[in-house]
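Trainee: Got a file for you: query.txt, compact mmCIF, C-alpha atoms.
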```
# COMPACT_ATOMS: atom_id res chain seq x y z
CA MET A 1 -68.14 75.84 30.28
CA ALA A 2 -69.49 77.76 33.25
CA SER A 3 -67.29 77.50 36.34
CA PRO A 4 -68.62 74.81 38.66
CA GLN A 5 -70.37 75.64 41.92
CA PRO A 6 -68.45 74.04 44.78
CA ARG A 7 -70.51 72.29 47.44
CA ILE A 8 -69.82 73.70 50.91
CA GLY A 9 -71.50 72.11 53.92
CA VAL A 10 -72.55 73.99 57.05
CA VAL A 11 -73.06 71.83 60.15
CA SER A 12 -76.03 72.62 62.39
CA TYR A 13 -75.63 71.53 66.01
CA PRO A 14 -78.36 71.89 68.63
CA GLY A 15 -77.76 75.50 69.66
CA SER A 16 -76.07 76.68 66.46
CA GLN A 17 -77.28 80.16 65.58
CA ASP A 18 -75.33 81.36 62.58
CA ASP A 19 -75.74 78.29 60.39
CA ARG A 20 -78.40 79.92 58.24
CA ASP A 21 -76.37 83.13 57.87
CA ALA A 22 -73.37 81.05 56.81
CA LEU A 23 -75.51 79.17 54.26
CA TRP A 24 -76.86 82.48 52.95
CA ALA A 25 -73.42 84.07 52.70
CA LEU A 26 -71.88 81.09 50.89
CA ALA A 27 -74.78 80.99 48.42
CA ALA A 28 -74.38 84.76 47.86
CA LEU A 29 -70.72 84.07 47.01
CA ASP A 30 -71.75 81.51 44.40
CA ALA A 31 -71.24 78.27 46.31
CA GLU A 32 -73.86 75.55 46.61
CA ALA A 33 -74.49 75.78 50.36
CA VAL A 34 -75.44 72.41 51.85
CA PRO A 35 -77.02 72.12 55.33
CA VAL A 36 -75.56 69.22 57.34
CA TRP A 37 -77.35 67.94 60.46
CA HIS A 38 -75.13 67.20 63.50
CA ASP A 39 -76.46 63.65 63.76
CA GLU A 40 -75.18 62.58 60.33
CA PRO A 41 -72.34 60.08 60.73
CA GLU A 42 -71.19 60.67 57.15
CA LEU A 43 -70.85 63.95 55.33
CA PRO A 44 -72.53 64.28 51.93
CA ASP A 45 -70.24 64.84 48.95
CA LEU A 46 -68.63 68.21 49.85
CA ASP A 47 -65.72 70.39 48.74
CA ALA A 48 -65.44 72.25 52.08
CA VAL A 49 -67.07 72.29 55.52
CA VAL A 50 -67.99 75.25 57.73
CA LEU A 51 -68.70 74.89 61.46
CA PRO A 52 -70.84 77.92 62.34
CA GLY A 53 -71.24 80.15 65.36
CA GLY A 54 -73.72 79.79 68.20
CA PHE A 55 -73.86 77.93 71.48
CA SER A 56 -73.70 74.25 70.53
CA TYR A 57 -75.10 72.02 73.29
CA GLY A 58 -75.54 75.12 75.45
CA ASP A 59 -71.75 75.53 75.66
CA TYR A 60 -72.00 73.30 78.74
CA LEU A 61 -68.77 72.30 80.52
CA ARG A 62 -66.56 74.26 78.09
CA CYS A 63 -67.44 75.89 74.77
CA GLY A 64 -67.33 73.28 72.02
CA ALA A 65 -66.51 70.46 74.45
CA ILE A 66 -69.72 68.48 73.84
CA ALA A 67 -70.11 69.26 70.12
CA ARG A 68 -66.74 67.62 69.63
CA PHE A 69 -68.44 64.23 70.17
CA SER A 70 -71.24 64.71 67.68
CA PRO A 71 -71.19 62.39 64.63
CA ALA A 72 -70.84 65.28 62.17
CA THR A 73 -67.75 66.54 64.05
CA ALA A 74 -66.15 63.10 63.80
CA ALA A 75 -66.95 63.07 60.07
CA THR A 76 -65.48 66.59 59.75
CA CYS A 77 -62.28 65.42 61.48
CA GLU A 78 -61.95 62.60 58.93
CA PHE A 79 -62.63 65.07 56.11
CA ALA A 80 -59.88 67.37 57.44
CA ALA A 81 -57.45 64.48 57.92
CA ALA A 82 -57.88 63.66 54.22
CA GLY A 83 -56.88 67.25 53.38
CA GLY A 84 -60.41 68.69 53.15
CA LEU A 85 -60.98 72.41 53.75
CA VAL A 86 -62.61 73.18 57.12
CA LEU A 87 -63.45 76.64 58.49
CA GLY A 88 -64.71 77.15 62.05
CA ILE A 89 -66.35 80.45 62.93
CA CYS A 90 -66.70 81.52 66.58
CA ASN A 91 -68.31 78.49 68.26
CA GLY A 92 -67.07 76.44 65.29
CA PHE A 93 -63.53 77.63 66.13
CA GLN A 94 -64.07 76.50 69.73
CA VAL A 95 -65.27 73.08 68.50
CA LEU A 96 -62.18 72.68 66.27
CA CYS A 97 -59.90 73.53 69.22
CA GLU A 98 -61.65 71.05 71.53
CA ALA A 99 -61.51 68.41 68.78
CA GLY A 100 -57.75 68.92 68.47
CA LEU A 101 -57.92 70.04 64.82
CA LEU A 102 -56.61 73.46 65.82
CA PRO A 103 -54.08 74.30 68.55
CA GLY A 104 -55.03 76.13 71.74
CA ILE A 105 -58.30 76.99 73.44
CA LEU A 106 -60.75 79.88 73.77
CA LEU A 107 -61.47 81.17 77.27
CA ARG A 108 -63.85 83.63 78.91
CA ASN A 109 -63.21 87.21 77.77
CA GLU A 110 -60.84 89.00 80.10
CA SER A 111 -63.52 91.65 80.74
CA LEU A 112 -66.09 88.93 81.61
CA ARG A 113 -68.38 90.84 79.22
CA PHE A 114 -69.97 89.67 76.00
CA VAL A 115 -68.56 91.78 73.16
CA CYS A 116 -70.66 92.52 70.09
CA ARG A 117 -69.19 95.04 67.67
CA ASP A 118 -67.17 95.53 64.51
CA VAL A 119 -63.45 94.95 64.99
CA GLU A 120 -60.48 95.64 62.79
CA LEU A 121 -58.23 92.72 61.88
CA THR A 122 -54.81 92.42 60.27
CA VAL A 123 -54.26 89.58 57.82
CA GLU A 124 -51.04 87.78 58.79
CA ARG A 125 -51.26 85.05 56.16
CA ASP A 126 -52.54 85.77 52.65
CA ASP A 127 -51.38 82.44 51.21
CA LEU A 128 -54.07 80.16 52.63
CA PRO A 129 -57.22 78.77 50.99
CA PHE A 130 -59.13 81.04 53.41
CA THR A 131 -57.22 84.26 52.72
CA ALA A 132 -55.96 84.09 49.12
CA ARG A 133 -58.14 87.06 48.10
CA CYS A 134 -56.54 89.28 50.78
CA ARG A 135 -53.57 91.56 50.21
CA PRO A 136 -50.54 91.18 52.50
CA ALA A 137 -51.22 92.81 55.90
CA GLN A 138 -54.66 93.94 54.70
CA ARG A 139 -56.98 95.40 57.35
CA LEU A 140 -60.48 93.87 57.48
CA VAL A 141 -63.53 95.11 59.40
CA ILE A 142 -65.63 92.16 60.58
CA PRO A 143 -67.96 91.90 63.62
CA VAL A 144 -67.31 89.80 66.71
CA LYS A 145 -70.01 88.63 69.14
CA HIS A 146 -68.79 86.34 71.88
CA GLY A 147 -68.29 85.89 75.60
CA ASP A 148 -65.53 83.30 75.30
CA GLY A 149 -63.06 84.52 72.72
CA ARG A 150 -59.80 84.90 74.62
CA TYR A 151 -57.38 82.75 72.65
CA LEU A 152 -54.71 80.90 74.58
CA PRO A 153 -52.13 79.19 72.36
CA PRO A 154 -50.36 76.00 73.40
CA PRO A 155 -46.71 76.42 74.41
CA GLY A 156 -44.51 76.79 71.34
CA LEU A 157 -47.19 77.58 68.76
CA ASP A 158 -45.58 78.22 65.36
CA PRO A 159 -46.24 81.95 64.69
CA ARG A 160 -46.96 81.03 61.08
CA GLN A 161 -50.20 79.45 62.30
CA VAL A 162 -51.56 82.87 63.27
CA VAL A 163 -53.78 83.98 60.38
CA LEU A 164 -55.54 87.05 61.81
CA ARG A 165 -54.80 89.47 64.65
CA TYR A 166 -56.99 92.10 66.29
CA VAL A 167 -55.85 95.69 65.83
CA ASP A 168 -57.61 96.61 69.10
CA ASN A 169 -57.91 93.42 71.19
CA PRO A 170 -61.57 93.00 72.34
CA ASN A 171 -61.20 89.97 74.62
CA GLY A 172 -57.67 89.63 76.00
CA SER A 173 -56.46 87.07 73.44
CA VAL A 174 -52.76 86.28 73.83
CA ASP A 175 -50.76 88.18 71.18
CA ASP A 176 -54.03 89.64 69.80
CA VAL A 177 -54.76 86.37 67.97
CA ALA A 178 -58.16 86.38 66.20
CA GLY A 179 -57.71 83.38 63.89
CA VAL A 180 -55.35 80.41 63.51
CA CYS A 181 -54.78 77.53 61.11
CA ASN A 182 -53.41 74.01 61.48
CA GLU A 183 -49.88 73.16 60.36
CA ALA A 184 -51.06 71.90 56.97
CA GLY A 185 -53.13 75.05 56.35
CA ASN A 186 -56.37 73.27 55.39
CA VAL A 187 -58.19 73.97 58.68
CA MET A 188 -58.81 77.47 60.03
CA GLY A 189 -60.76 78.95 62.91
CA LEU A 190 -61.58 82.55 63.77
CA MET A 191 -63.71 84.36 66.35
CA PRO A 192 -64.99 87.18 64.08
CA HIS A 193 -68.00 86.43 61.87
CA PRO A 194 -67.22 86.82 58.15
CA GLU A 195 -70.72 85.52 57.30
CA HIS A 196 -72.18 88.67 58.91
CA ALA A 197 -70.07 90.89 56.67
CA VAL A 198 -70.64 89.96 53.05
CA ASP A 199 -72.93 92.84 52.05
CA PRO A 200 -72.24 96.58 52.41
CA LEU A 201 -75.81 96.92 53.71
CA LEU A 202 -74.64 95.14 56.87
CA GLY A 203 -71.89 97.70 57.50
CA SER A 204 -69.00 95.86 55.87
CA ASP A 205 -68.44 93.31 53.15
CA ASP A 206 -64.88 92.48 54.23
CA GLY A 207 -65.97 89.03 55.39
CA ALA A 208 -66.31 88.17 51.70
CA PHE A 209 -62.53 88.35 51.32
CA LEU A 210 -62.31 85.27 53.54
CA LEU A 211 -65.42 83.37 52.46
CA ALA A 212 -64.89 84.02 48.74
CA SER A 213 -61.31 82.77 49.15
CA LEU A 214 -62.77 79.56 50.59
CA VAL A 215 -65.27 79.31 47.70
CA ASP A 216 -62.41 79.82 45.19
CA ALA A 217 -60.29 77.13 46.86
CA ALA A 218 -63.23 74.71 46.98
CA ARG A 219 -63.95 75.41 43.30
CA ASP A 220 -60.29 74.73 42.42
CA ARG A 221 -60.67 71.34 44.06
CA VAL A 222 -63.73 70.56 41.94
CA LEU A 223 -61.81 71.52 38.79
CA ALA A 224 -58.74 69.52 39.88
CA ALA A 225 -60.91 66.45 40.44
CA ALA A 226 -62.69 66.80 37.07
CA MET B 1 -70.02 54.32 93.66
CA LYS B 2 -69.91 58.07 94.24
CA ALA B 3 -67.13 60.09 92.70
CA THR B 4 -66.30 63.77 92.84
CA VAL B 5 -64.12 65.61 90.36
CA LEU B 6 -62.55 68.97 91.20
CA VAL B 7 -61.46 70.93 88.12
CA ARG B 8 -59.22 73.94 88.69
CA PRO B 9 -57.63 76.52 86.41
CA LYS B 10 -53.90 75.74 86.30
CA PRO B 11 -51.49 78.14 87.99
CA GLY B 12 -50.55 80.97 85.66
CA ILE B 13 -53.79 80.76 83.64
CA LEU B 14 -55.58 84.11 83.83
CA ASP B 15 -58.86 83.59 85.71
CA PRO B 16 -60.99 86.74 85.35
CA GLN B 17 -63.86 85.04 87.22
CA GLY B 18 -61.57 84.51 90.19
CA GLU B 19 -60.45 88.14 90.00
CA ALA B 20 -64.07 89.34 89.93
CA VAL B 21 -64.93 87.19 92.97
CA GLU B 22 -61.86 88.44 94.80
CA SER B 23 -62.78 92.05 94.08
CA ALA B 24 -66.39 91.49 95.21
CA LEU B 25 -65.18 89.91 98.47
CA GLY B 26 -62.94 92.95 98.94
CA HIS B 27 -66.00 95.20 98.59
CA LEU B 28 -67.68 93.19 101.35
CA GLY B 29 -64.75 93.95 103.65
CA PHE B 30 -62.98 90.60 103.42
CA SER B 31 -59.27 90.63 102.91
CA VAL B 32 -58.57 87.88 100.35
CA ALA B 33 -56.01 87.13 97.66
CA ASP B 34 -55.58 84.63 94.83
CA ALA B 35 -59.26 83.67 94.42
CA ARG B 36 -59.63 81.07 91.66
CA VAL B 37 -62.91 79.66 90.35
CA GLY B 38 -63.14 76.00 89.27
CA LYS B 39 -65.84 73.35 88.97
CA VAL B 40 -67.14 70.42 90.97
CA ILE B 41 -68.61 67.46 89.11
CA ASP B 42 -70.38 64.77 91.17
CA LEU B 43 -70.90 61.38 89.55
CA GLU B 44 -72.35 57.97 90.32
CA VAL B 45 -70.01 55.44 88.67
CA GLU B 46 -70.64 51.75 88.08
CA ALA B 47 -67.45 49.99 89.15
CA ALA B 48 -66.42 46.85 91.06
CA ASP B 49 -64.19 48.72 93.47
CA ALA B 50 -62.71 52.11 94.24
CA ALA B 51 -59.59 51.52 92.15
CA GLU B 52 -61.63 50.71 89.05
CA ALA B 53 -63.87 53.73 89.67
CA ARG B 54 -60.82 55.97 89.96
CA THR B 55 -59.34 54.65 86.70
CA GLN B 56 -62.64 55.27 84.91
CA VAL B 57 -63.07 58.79 86.29
CA GLU B 58 -59.49 59.73 85.45
CA ARG B 59 -60.15 58.65 81.85
CA MET B 60 -63.29 60.82 81.85
CA CYS B 61 -61.19 63.75 83.02
CA GLU B 62 -58.61 63.24 80.30
CA GLN B 63 -61.20 62.85 77.55
CA LEU B 64 -63.83 65.40 78.52
CA LEU B 65 -64.13 66.82 82.02
CA ALA B 66 -60.90 68.85 82.01
CA ASN B 67 -58.86 70.45 79.26
CA PRO B 68 -55.21 69.68 80.05
CA LEU B 69 -54.02 72.93 78.48
CA ILE B 70 -55.73 75.06 81.12
CA GLU B 71 -57.11 72.84 83.86
CA SER B 72 -55.88 70.38 86.49
CA TYR B 73 -58.19 67.88 88.19
CA GLU B 74 -58.49 65.88 91.38
CA VAL B 75 -60.64 62.78 91.77
CA GLU B 76 -62.24 61.69 95.05
CA ILE B 77 -63.92 58.28 95.24
CA GLY B 78 -66.63 57.36 97.77
CA GLY B 79 -67.47 59.41 100.81
```
Here is a file; write its structure as structure tokens.
Mentor:
Amino acid sequence: MASPQPRIGVVSYPGSQDDRDALWALAALDAEAVPVWHDEPELPDLDAVVLPGGFSYGDYLRCGAIARFSPATAATCEFAAAGGLVLGICNGFQVLCEAGLLPGILLRNESLRFVCRDVELTVERDDLPFTARCRPAQRLVIPVKHGDGRYLPPPGLDPRQVVLRYVDNPNGSVDDVAGVCNEAGNVMGLMPHPEHAVDPLLGSDDGAFLLASLVDAARDRVLAAA
Amino acid sequence: MKATVLVRPKPGILDPQGEAVESALGHLGFSVADARVGKVIDLEVEAADAAEARTQVERMCEQLLANPLIESYEVEIGG
């Protein structure tokens, strides 16, 4: 029997920009990529959810603060509470922080400048559904593009929730944090864009280490349920 | 009833916008320190009296207008 294609949803908010790239990247990594509109109060039948990058609702008030109230975000919170796999990229990371699914908040870059370039990352956790394809302490090259990426953890954050760190901090994030997970390890957010780095033609395919890990984990869930 | 919310970065939170403003004021010849940039949100609230309006606006602050990790808020009613 051919291995099943897991269904991974990508939520499009008004102002999302990287939803189509995320759909493309997931399909390239052999998932069935499912577009989800922000207005849908219930998610379709999915094995994982991705909240993509962009400027949802114009990033008004604070990044991610308004998207948190959209019906699809509420449905994603329920999905995560039931143990579902959720990955937030850039603006999606900001939404997950504002929604309380991930600890901390993302603030204006220390430089006050938008940064758009490849950055090097160190993998701190290789035991998560999002990183299982990575080697311990592996270095990944993945692009960032954001104006509000300075991560501020809440007091007393468990260091085991730090998944990725910048080698050369581009935004002033506390302790060079580039990506974090929740305590249970089924929700992760990161500022770099793995969906822009799944083909060597784009300069790096290191993003596939993360997204293919997610596809593997989602596929395992399909097999476990069968 | 009119309400005004002042949202400020909490003490100790790095505020690069405030630093940029402070530096620009320095270039203009003003001697300033500790510039911090926040937000003002003006609202028209439906409420029976000022106390009810204040309760409502404080709930708005807790749920949306301020993020307690980084921001403090003050509510003014009427005026």
Trainee: Using all atoms listed in the file, list the residues that have an atom at most 9 Å from (-64.5, 64.6, 89.0), coordinates as in the file, as JSON, numbers by chain.
Mentor: {"B": [3, 4, 5, 6, 7, 39, 40, 41, 42, 43, 57, 58, 60, 61, 65, 66, 73, 74, 75, 76, 77]}
Trainee: I need the chain B residues near chain A as a PDB file with C-alpha atoms, keeping the file's coordinate frame; criterion: at most 8 Å, counting all atoms listed in the file.
Mentor:
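Below you can see part_30.pdb, which holds the result:
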```pdb
ATOM      1  CA  PRO B  16     -60.990  86.740  85.350  1.00  0.00           C
ATOM      2  CA  GLN B  17     -63.860  85.040  87.220  1.00  0.00           C
ATOM      3  CA  LEU B  64     -63.830  65.400  78.520  1.00  0.00           C
ATOM      4  CA  LEU B  65     -64.130  66.820  82.020  1.00  0.00           C
ATOM      5  CA  LEU B  69     -54.020  72.930  78.480  1.00  0.00           C
TER       6      LEU B  69
END
```
Trainee: Can you pull out every residue within 9 Å of stretch 125-130 of chain A, counting only C-alpha atoms, but drop anything in the same chain fewer than 2 positions away, and send it as a ChimeraX atom specification?
Mentor: /A:85,87,123,132-138,160-164,181,185-188,209-218
Trainee: Residues at most 7 Å from A:Tyr166, counting only C-alpha atoms, excluding those fewer than 5 positions away in the same chain, as a PyMOL selection string?
Mentor: chain A and resi 120-122+176-178
Trainee: Keeping only C-alpha atoms, write those residues as a CSV table (one decimal), in the coordinates of the input.
Mentor:
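Writing the result to selection-v3.csv gives the following:
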```
chain,number,residue,atom,x,y,z
A,120,GLU,CA,-60.5,95.6,62.8
A,121,LEU,CA,-58.2,92.7,61.9
A,122,THR,CA,-54.8,92.4,60.3
A,176,ASP,CA,-54.0,89.6,69.8
A,177,VAL,CA,-54.8,86.4,68.0
A,178,ALA,CA,-58.2,86.4,66.2
```
Trainee: With distances taken over all atoms listed in the file, which of A:Asn169, A:Asp21, A:Gln94, A:Pro35 is nearest to A:Gly189?
Mentor: A:Gln94
